[in-house]
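A.B. asks: First the structure, then my questions, so here it is.
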Amino acid sequence: MAKLGTWNDYTQRMFSRWSLPASLVAALFVLGCAEPPHKEMDQAQGAIDAARAAGAEQYAGDEYTAALDALKRAHDAVAQSDYRLALNNALDSRERAQNAARQAADGKAQVRAEVERHQAEVTSLMPVVRARVDIARKTRAPRPVLTSATQALASIEADVQKAGEAVKAGDYLAARPLLRDIRGRIGKTITDLDQATTTQSTRRRR
């Protein structure tokens with residue numbers, strides 16, 4: 001019986017030794033959910049601020065909005081003392097904000113490359129349309145055609161300047177549609193002048 005008691009004592013001591021860490025883990029887990037996850041929520045807010053600075057509102061709107069919504073849910077959960085839910089939402093918000101920042105960087109780079117390509121095309125076409133207007137003046141193109149072309153050129157030059165200012169400011173989303181429109185208007189003006197010049201030459205031969 002003495003041996004049995006000794007064995008039971010030994011078993012109890014070993015069980016206590018191994019069960020203590022598990023008890024601590026459980027206690028820490030409960031403690032971790034017993035307080036608002038301020039650190040994680042602050043990290044989420046910092047990630048959101050970084051994403052906004054990277055242009056996520058413009059270039060990764062869906063993911064950025066999701067990050068904001070998740071952080072709001074975290075605050076709401078804290079108000080309801082559901083700290084575990086608050087922690088989950090804070091972590092989700094931080095991850096989404098980080099994704100938004102990456103998407104914004106990629107999207108901005110793509111739009112910038114497209115804008116630079118359009119800008120180069122417009123730059124190469126501007127001397128062409130100016131030359132066409134000069135030819136129309138020298139050849140005395142019909143007044144309505146010349147007036148329309150002159151006004152179109154003035155409007156195009158003003159918008160080219162606006163697009164250039166937007167590019168300098170880094171507002172590529174504003175510059176992109178403007179440059180696309182400019183390119184189309186240049187093409188139309190050149191076509192209209194060429195047609196008028198051809199028609200006038202044909203009439204003179206007759």
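To be explicit about the labels: the chains of the structure tokens are called A, B, and onward in the order shown, and within each one the residues are counted from 1, while ligands get numbers from 1 in the order they are shown.
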Give me, as a tab-separated table (two decimals) with N, CA and C atoms, in the first residue's frame, all polymer residues having an atom no more than 7 Å from stretch 127-143 of chain A, counting only C-alpha atoms and skipping those fewer than 5 positions away in the same chain.
C.D. replies:
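Written file, selection-v9.tsv:
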```
chain	number	residue	atom	x	y	z
A	149	ALA	N	-11.81	75.16	-86.50
A	149	ALA	CA	-10.51	74.57	-86.22
A	149	ALA	C	-9.69	75.43	-85.27
A	150	THR	N	-9.76	76.74	-85.45
A	150	THR	CA	-9.03	77.67	-84.58
A	150	THR	C	-9.53	77.57	-83.14
A	186	ILE	N	-7.96	66.12	-81.28
A	186	ILE	CA	-6.90	66.44	-82.24
A	186	ILE	C	-7.14	65.69	-83.54
A	190	ILE	N	-7.85	67.45	-87.23
A	190	ILE	CA	-6.99	67.17	-88.38
A	190	ILE	C	-7.81	66.61	-89.54
A	193	LEU	N	-9.96	69.35	-91.18
A	193	LEU	CA	-9.16	70.27	-91.99
A	193	LEU	C	-8.70	69.60	-93.28
A	196	ALA	N	-11.60	69.49	-95.64
A	196	ALA	CA	-11.89	70.82	-96.19
A	196	ALA	C	-10.86	71.21	-97.24
A	197	THR	N	-9.59	70.89	-96.97
A	197	THR	CA	-8.53	71.20	-97.93
A	197	THR	C	-8.70	70.42	-99.21
```
A.B. asks: So that I can see what lies close to stretch 46-49 of chain A, please list as a VMD selection string the residues with an atom at most 12 Å from it, counting only C-alpha atoms and leaving out residues fewer than 2 positions away in the same chain.
C.D. replies: chain A and resid 39 to 44 51 to 57 60 to 61 63 to 72 90 to 102
A.B. asks: For the selection just defined, write its residues with C-alpha atoms to a file, as a compact mmCIF listing (two decimals), in the first residue's frame.
C.D. replies:
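The file below, result_24.txt, is the result:
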```
# COMPACT_ATOMS: atom_id res chain seq x y z
CA LYS A 39 -2.88 47.78 -29.78
CA GLU A 40 -4.38 45.91 -32.72
CA MET A 41 -6.92 48.67 -33.34
CA ASP A 42 -4.16 51.28 -33.32
CA GLN A 43 -2.20 49.15 -35.78
CA ALA A 44 -5.26 48.93 -38.02
CA ALA A 51 -3.06 53.18 -47.31
CA ARG A 52 -4.74 56.57 -47.63
CA ALA A 53 -1.34 58.22 -48.11
CA ALA A 54 -0.59 55.68 -50.86
CA GLY A 55 -3.77 56.68 -52.72
CA ALA A 56 -5.93 53.73 -51.73
CA GLU A 57 -9.09 55.84 -51.73
CA ALA A 60 -8.12 50.55 -54.22
CA GLY A 61 -11.45 51.89 -53.08
CA GLU A 63 -10.42 47.17 -50.12
CA TYR A 64 -9.87 50.52 -48.42
CA THR A 65 -13.57 50.85 -47.61
CA ALA A 66 -13.59 47.29 -46.27
CA ALA A 67 -10.70 48.19 -43.94
CA LEU A 68 -12.63 51.19 -42.63
CA ASP A 69 -15.76 49.11 -42.11
CA ALA A 70 -13.85 46.39 -40.24
CA LEU A 71 -12.28 48.93 -37.90
CA LYS A 72 -15.70 50.46 -37.24
CA ALA A 90 -9.12 44.85 -35.89
CA LEU A 91 -6.88 42.18 -37.41
CA ASP A 92 -9.11 42.01 -40.48
CA SER A 93 -9.01 45.79 -40.84
CA ARG A 94 -5.22 45.87 -40.64
CA GLU A 95 -4.86 43.14 -43.27
CA ARG A 96 -7.31 44.81 -45.65
CA ALA A 97 -5.60 48.17 -45.23
CA GLN A 98 -2.24 46.62 -46.06
CA ASN A 99 -3.77 44.96 -49.13
CA ALA A 100 -5.28 48.29 -50.16
CA ALA A 101 -1.89 49.98 -49.93
CA ARG A 102 -0.33 47.34 -52.19
```
A.B. asks: Extract, using only C-alpha atoms, all DNA, RNA and protein residues at most 12 Å from A:Val111, discarding same-chain residues fewer than 4 positions from it, and format them as a list in words.
C.D. replies: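 Surrounding residues, per the criterion: Gln58, Tyr59, Ala104, Ala105, Asp106, Gly107, Val115, Glu116, Arg117, His118, Val167, Gly170, Asp171, Tyr172, Leu173, Ala174, Ala175, Arg176 and Pro177 of chain A.
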A.B. asks: Residues of stretch 178-202 of chain A that approach stretch 154-163 of chain A to 9 Å or less, counting only C-alpha atoms: could you list each one with the shortest pair of atoms and its distance in Å to one decimal, rows by chain and increasing residue number, as JSON lines?
C.D. replies:
```
{"residue": "A:Leu178", "atom": "CA", "partner": "A:Ala163", "partner_atom": "CA", "distance": 6.4}
{"residue": "A:Leu179", "atom": "CA", "partner": "A:Ala163", "partner_atom": "CA", "distance": 6.6}
{"residue": "A:Ile182", "atom": "CA", "partner": "A:Ile156", "partner_atom": "CA", "distance": 6.2}
{"residue": "A:Arg183", "atom": "CA", "partner": "A:Ile156", "partner_atom": "CA", "distance": 9.0}
{"residue": "A:Arg185", "atom": "CA", "partner": "A:Ile156", "partner_atom": "CA", "distance": 7.5}
{"residue": "A:Ile186", "atom": "CA", "partner": "A:Ile156", "partner_atom": "CA", "distance": 7.4}
```
A.B. asks: Dump N, CA and C atoms for the selected residues as a short mmCIF file (atom, residue, chain, number, x, y, z; two decimals), in the first residue's frame?
C.D. replies:
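Generated output (out_33.cif):
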```
data_model
loop_
_atom_site.label_atom_id
_atom_site.label_comp_id
_atom_site.auth_asym_id
_atom_site.auth_seq_id
_atom_site.Cartn_x
_atom_site.Cartn_y
_atom_site.Cartn_z
N LEU A 178 -8.72 63.19 -69.55
CA LEU A 178 -8.52 64.45 -70.26
C LEU A 178 -7.60 64.25 -71.47
N LEU A 179 -6.54 63.48 -71.28
CA LEU A 179 -5.62 63.23 -72.39
C LEU A 179 -6.27 62.36 -73.47
N ILE A 182 -8.43 64.72 -75.41
CA ILE A 182 -7.60 65.62 -76.23
C ILE A 182 -7.14 64.90 -77.49
N ARG A 183 -6.70 63.68 -77.32
CA ARG A 183 -6.21 62.91 -78.47
C ARG A 183 -7.31 62.74 -79.52
N ARG A 185 -9.95 64.69 -79.95
CA ARG A 185 -10.28 65.99 -80.56
C ARG A 185 -9.22 66.44 -81.55
N ILE A 186 -7.96 66.12 -81.28
CA ILE A 186 -6.90 66.44 -82.24
C ILE A 186 -7.14 65.69 -83.54
#
```
A.B. asks: What does the distance from atom CA of A:Asp192 to atom CA of A:Val122 come to in Å, to one decimal?
C.D. replies: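 Computing it gives 17.8 Å between the two atoms.
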